[in-house]
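This report concerns only the one structure given below.
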Amino acid sequence: MSCDWDSQRRVDGDIDQQEMVPNKKSAVLVDGVVLNGPTTNAKAGEKFVEEACKLIMEEVVLKATDINEKVCEWQPPEQLKKLLDLEVRDTGESHDQLLKLCQDVICFSVKTNHPRFFNQLYAGLDYYSLAARFMTEALNPSIYTYEVSPVFLLVEEAVLKKMIEFIGWKEGDGIFNPGGSVSNMYAMNLARYKYCPDIKEKGLFGLPRLTLFTSAECHYSMKKAASFLGIGTQNVCFVETDGRGKMIPEELEKQIWQAREEGTMPFLVCATSGTTVLGAFDPLDEIADICERHGLWLHVDASWGGSALMSRKHRRLLHGIHRADSVAWNPHKMLMAGIQCCALLVKDKSDLLKKCYSAKASYLFQQDKFYDVSYDTGDKSIQCSRRPDAFKFWMTWKALGTLGLEERVNRALALSRYLVEEIKKREGFKLLMEPEYANICFWYIPPSLREMEEGPEFWEKLHLVAPAIKERMMKKGSLMLGYQPHRGKVNFFRQVVISPQVRREDMDFLLDEIDLLGRDM
C-alpha cells in the first residue's frame with residue numbers, strides 16, 4: 001500500500017512503475033543454484049501468518065482477562081521436553097504441524113497477561129502496545145540511522161523528550177536500551193567516562209582505583225555492571241539502609257570519606273527509586289546534596305519506581321530526581337509498554353552519550369548524507385542493531401494520554417492499599433512493613449504455627465511455608481506470586497499490582513487461595 005499523500009503525486013527522477021517490473025529471462029544457474037524468481041511460496045507464507053495471528057487472538061488476546069483460564073500449565077522440564085517437539089530437522093514441516101507447535105507454545109507458556117499473575121514487576125496486556133509490537137515485528141526495523149528507520153527515530157526522540165520533562169529537566173539526552181540492567185551499565189560507564197575521558201582510548205591502564213556507592217537494596221545489575229566494565233565488584237560500596245529499605249545518607253557520606261582516606265577515587269552514587277523487593281525510594285534530595293559536595297555523578301535507578309512520576313498524587317516519592325545526572329526508567333513495568341521498553345535519560349546536553357560510545361562506522365554514519373545526520377542517533381548506543389522499543393510506549397501514550405497513564409498508576413497503588421488493609425484483617429497473614437509503593441510483602445502463617453512463640457524454631461518452619469504454597473499454586477495454575485528471603489528475614493511473599501485488568505475480587509481471591517493452599521501445613 002502506498003502512502004495516501006503520495007498516491008497522486010510524482011517527483012522528478014521517479015522511475016515509472018512499468019520500468020520497475022523485471023523482464024522474464026532465461027534461468028541463470030550459479031554454483032548449482034537457480035537465481036531466477038523467488039524461492040519462497042508467498043501465498044502459503046501469508047496464509048500461515050493469517051492463521052497464526054488468528055490463533056494468537058483466540059488463545060492469548062481474547063483469553064487475557066478470563067479468570068477461569070489457568071495462569072500456567074505446569075510441567076517439569078524433562079516432561080515438557082517430551083510434550084514439545086523441540087528438534088530441528090533437515091527438512092521443513094507442514095503448516096499444520098507448525099500451527100500445532102504454536103498451540104503448544106501458548107498452552108505451556110505462563111500467561112503473564114492473566115489478572116492473577118503477580119510474580120514479577122511486569123504483568124497484564126496493553127492492547128495498544130501489543131498492536132505496536134505486531135507492527136514493528138512485521139516491519140523489522142533497526143533504529144541506527146534515519147534513512148532506514150525515519151518514523152521510529154522520530155518517535156524515540158519525542159518520547160525521550162516527554163520523559164525528560166517528567167523528570168523535571170529543561171533539556172537532556174537519552175536512549176532506549178534492552179533492559180534496565182543495561183541502562184544502569186550505560187550510566188556507570190558514562191559517569192566513569194566523564195571523570196576519566198582518556199579511558200575510551202587508553203583503557204584501564206594507569207587509572208586510579210575507582211569506587212562507586214549504591215544502596216544495600218540496589219538491583220544486582222550494579223554488581224554485574226562493575227564486573228563487566230572492569231571496575232570490580234570489590235569497588236562497589238554498599239551503603240546501609242534503614243528499616244524500610246532506604247539508603248541512609250549519613251552512611252553514604254561516611255563511606256565516601258573512608259574511600260578517599262583509603263586512596264581510592266569515588267566517581268558515582270547510584271540511588272534507587274523503587275527497590276525490587278521492598279519497593280523503597282531513597283531520599284534523593286539528601287543524596288544529591290552529598291553528591292554535589294563531593295563532585296560525584298548521581299544516577300537514579302528508577303526502573304521500577306519511575307512511573308510514579310506520571311501521577312500527581314504519587315510523584316512525591318521521587319522528590320529530588322531532577323537533581324540526578326542520569327535516570328533509568330522502564331515503561332514496560334508499571335506502564336505496561338511490553339517487554340522490553342527501558343530508557344536511560346541523561347541531563348547532559350553536550351553529546352556526552354555520543355562522545356562516550358561512538359565508533360564512527362563509516363558505512364553507517366556518513367557525514368555527507370543528503371539529510372540532517374544529527375538524526376542518525378545509533379552511534380550513541382553500544383549496539384548496532386537496535387529495536388524500536390519507544391514505539392510501543394508511544395502508541396500506548398497516544399491511546400490513553402497522560403491522564404490515562406496517571407490513572408493506571410493511581411489504580412494500581414489504590415489496589416495495593418486495599419490488599420494491605422485486607423491482610424491486616426485476616427488471621428494468619430502478617431505484613432513485613434507498611435509499603436509505600438506497589439510491593440506488598442507478607443507472611444502466611446498456617447494454623448499449626450499460630451500459637452508458637454516467634455523463636456528460632458518458628459522462623460525455621462515458617463521459612464518452608466512460602467515455597468510449599470508456591471509449588472501448590474503453580475501445579476494448580478490458579479495464580480502466580482513471588483517469594484524470597486531477604487536480609488535476614490525468612491521466606492515471604494511479595495505481591496505486586498500492575499495490570500488494570502486486576503479487580504478488587506482478585507485481591508480477595510489471592511488471600512483466600514493462599515489460605516486454602518496452606519492451611520494444612
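Every chain in the C-alpha cells takes a letter, A first, then B, and so on in the order presented; its residues are numbered from 1, and the ligands are numbered from 1 following the presented order.
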
Test item: residues at most 12 Å from A:Asn235, only C-alpha atoms, excluding those fewer than 3 positions along its chain, as a list in words: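 Everything that qualifies: Pro208, Arg209, Leu210, Thr211, Leu212, Phe213, Thr214, Met222, Lys223, Lys224, Ala225, Ala226, Ser227, Leu229, Gly230, Ile231, Gly232, Phe238, Gln255, Ile256, Ala259, Glu262, Thr264, Met265, Pro266, Phe267 and Leu268 of chain A.
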
Members of stretch 361-395 of chain A assigned alpha helix (DSSP H) by DSSP, as a count of residues only: 7

All strand (DSSP E or B) residues (DSSP, backbone) inside stretch 166-313 of chain A, as number ranges by chain: A: 173-177, 210-215, 236-239, 241, 247, 265-273, 281, 297-301

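For A:Leu318, the residues within 10 Å (counting only C-alpha atoms, excluding itself and residues fewer than 5 positions away along the chain) are Ile167, Thr272, Ser273, Gly274, Phe281, Asp282, Pro283, Leu284, Asp285, Val300, Ala302, Gly305, Gly306, Ser307, Ala308 and Leu309 of chain A.
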
How would the residues just chosen look if you wrote them out with all heavy atoms as a compact mmCIF listing (two decimals), in the first residue's frame?
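As a result, again.txt now contains:
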```txt
# COMPACT_ATOMS: atom_id res chain seq x y z
N ILE A 167 10.84 14.16 34.41
CA ILE A 167 11.90 14.15 35.42
C ILE A 167 12.10 15.54 36.00
O ILE A 167 12.47 15.70 37.17
CB ILE A 167 13.21 13.60 34.82
CG1 ILE A 167 13.06 12.10 34.55
CG2 ILE A 167 14.41 13.86 35.74
CD1 ILE A 167 14.21 11.49 33.81
N THR A 272 18.29 4.43 44.39
CA THR A 272 17.22 3.60 43.84
C THR A 272 15.86 4.20 44.16
O THR A 272 15.59 4.55 45.31
CB THR A 272 17.29 2.17 44.40
OG1 THR A 272 18.61 1.65 44.24
CG2 THR A 272 16.30 1.26 43.68
N SER A 273 15.02 4.31 43.15
CA SER A 273 13.64 4.75 43.34
C SER A 273 12.73 3.58 43.00
O SER A 273 12.39 3.35 41.83
CB SER A 273 13.33 5.96 42.46
OG SER A 273 13.98 7.11 42.93
N GLY A 274 12.39 2.81 44.02
CA GLY A 274 11.59 1.61 43.85
C GLY A 274 12.47 0.38 43.84
O GLY A 274 12.81 -0.14 42.78
N PHE A 281 12.10 3.86 48.24
CA PHE A 281 12.58 5.02 47.48
C PHE A 281 13.63 5.75 48.32
O PHE A 281 13.33 6.24 49.42
CB PHE A 281 11.42 5.96 47.16
CG PHE A 281 10.50 5.44 46.10
CD1 PHE A 281 9.61 4.40 46.38
CD2 PHE A 281 10.51 5.97 44.82
CE1 PHE A 281 8.75 3.90 45.41
CE2 PHE A 281 9.65 5.47 43.84
CZ PHE A 281 8.78 4.43 44.13
N ASP A 282 14.85 5.82 47.80
CA ASP A 282 15.92 6.51 48.52
C ASP A 282 15.64 8.01 48.60
O ASP A 282 15.01 8.58 47.69
CB ASP A 282 17.27 6.27 47.83
CG ASP A 282 17.78 4.84 47.99
OD1 ASP A 282 17.32 4.17 48.94
OD2 ASP A 282 18.60 4.41 47.17
N PRO A 283 16.14 8.69 49.66
CA PRO A 283 15.94 10.14 49.80
C PRO A 283 16.84 10.92 48.84
O PRO A 283 18.00 11.22 49.14
CB PRO A 283 16.33 10.39 51.27
CG PRO A 283 17.27 9.29 51.61
CD PRO A 283 16.84 8.10 50.82
N LEU A 284 16.32 11.25 47.68
CA LEU A 284 17.14 11.77 46.59
C LEU A 284 17.72 13.15 46.89
O LEU A 284 18.86 13.43 46.50
CB LEU A 284 16.32 11.81 45.30
CG LEU A 284 15.79 10.45 44.81
CD1 LEU A 284 15.03 10.62 43.50
CD2 LEU A 284 16.93 9.45 44.64
N ASP A 285 16.96 14.03 47.52
CA ASP A 285 17.47 15.37 47.81
C ASP A 285 18.71 15.31 48.70
O ASP A 285 19.72 15.99 48.43
CB ASP A 285 16.39 16.22 48.48
CG ASP A 285 15.77 17.23 47.50
OD1 ASP A 285 16.45 17.57 46.51
OD2 ASP A 285 14.64 17.67 47.73
N VAL A 300 20.09 7.64 39.20
CA VAL A 300 18.93 7.10 39.90
C VAL A 300 18.36 5.93 39.11
O VAL A 300 17.95 6.10 37.95
CB VAL A 300 17.84 8.17 40.11
CG1 VAL A 300 16.61 7.54 40.80
CG2 VAL A 300 18.37 9.32 40.96
N ALA A 302 15.50 4.23 38.57
CA ALA A 302 14.05 4.31 38.75
C ALA A 302 13.35 3.36 37.79
O ALA A 302 12.24 3.62 37.31
CB ALA A 302 13.57 5.75 38.54
N GLY A 305 10.29 2.32 39.95
CA GLY A 305 9.51 3.40 40.53
C GLY A 305 9.33 4.62 39.67
O GLY A 305 8.54 5.51 40.00
N GLY A 306 10.01 4.70 38.54
CA GLY A 306 9.96 5.90 37.71
C GLY A 306 8.58 6.26 37.22
O GLY A 306 8.25 7.43 37.02
N SER A 307 7.73 5.25 37.05
CA SER A 307 6.39 5.50 36.52
C SER A 307 5.51 6.29 37.48
O SER A 307 4.49 6.85 37.07
CB SER A 307 5.72 4.18 36.14
OG SER A 307 6.45 3.55 35.09
N ALA A 308 5.90 6.36 38.75
CA ALA A 308 5.16 7.20 39.70
C ALA A 308 5.24 8.67 39.32
O ALA A 308 4.41 9.48 39.76
CB ALA A 308 5.70 6.99 41.12
N LEU A 309 6.21 9.03 38.48
CA LEU A 309 6.32 10.41 38.01
C LEU A 309 5.08 10.82 37.19
O LEU A 309 4.78 12.01 37.09
CB LEU A 309 7.57 10.59 37.15
CG LEU A 309 8.92 10.54 37.88
CD1 LEU A 309 10.06 10.44 36.87
CD2 LEU A 309 9.09 11.75 38.78
```

From A:His95, A:Arg503, A:Lys82, A:Arg323, residue lying nearest A:Leu296 [only C-alpha atoms]: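 Selected residue with least distance to A:Leu296: A:Arg323.
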
Test item: residues at most 10 Å from A:Glu427, only C-alpha atoms, excluding those fewer than 5 positions along its chain, as a list in words: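 Those residues are Tyr444, Ile445, Pro446, Pro447, Arg450 and Asp515 of chain A.
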
Distance in Å - atom CA of A:Arg316 versus atom CA of A:Ala414: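 Atom CA of A:Arg316 sits 15.9 Å away from atom CA of A:Ala414.
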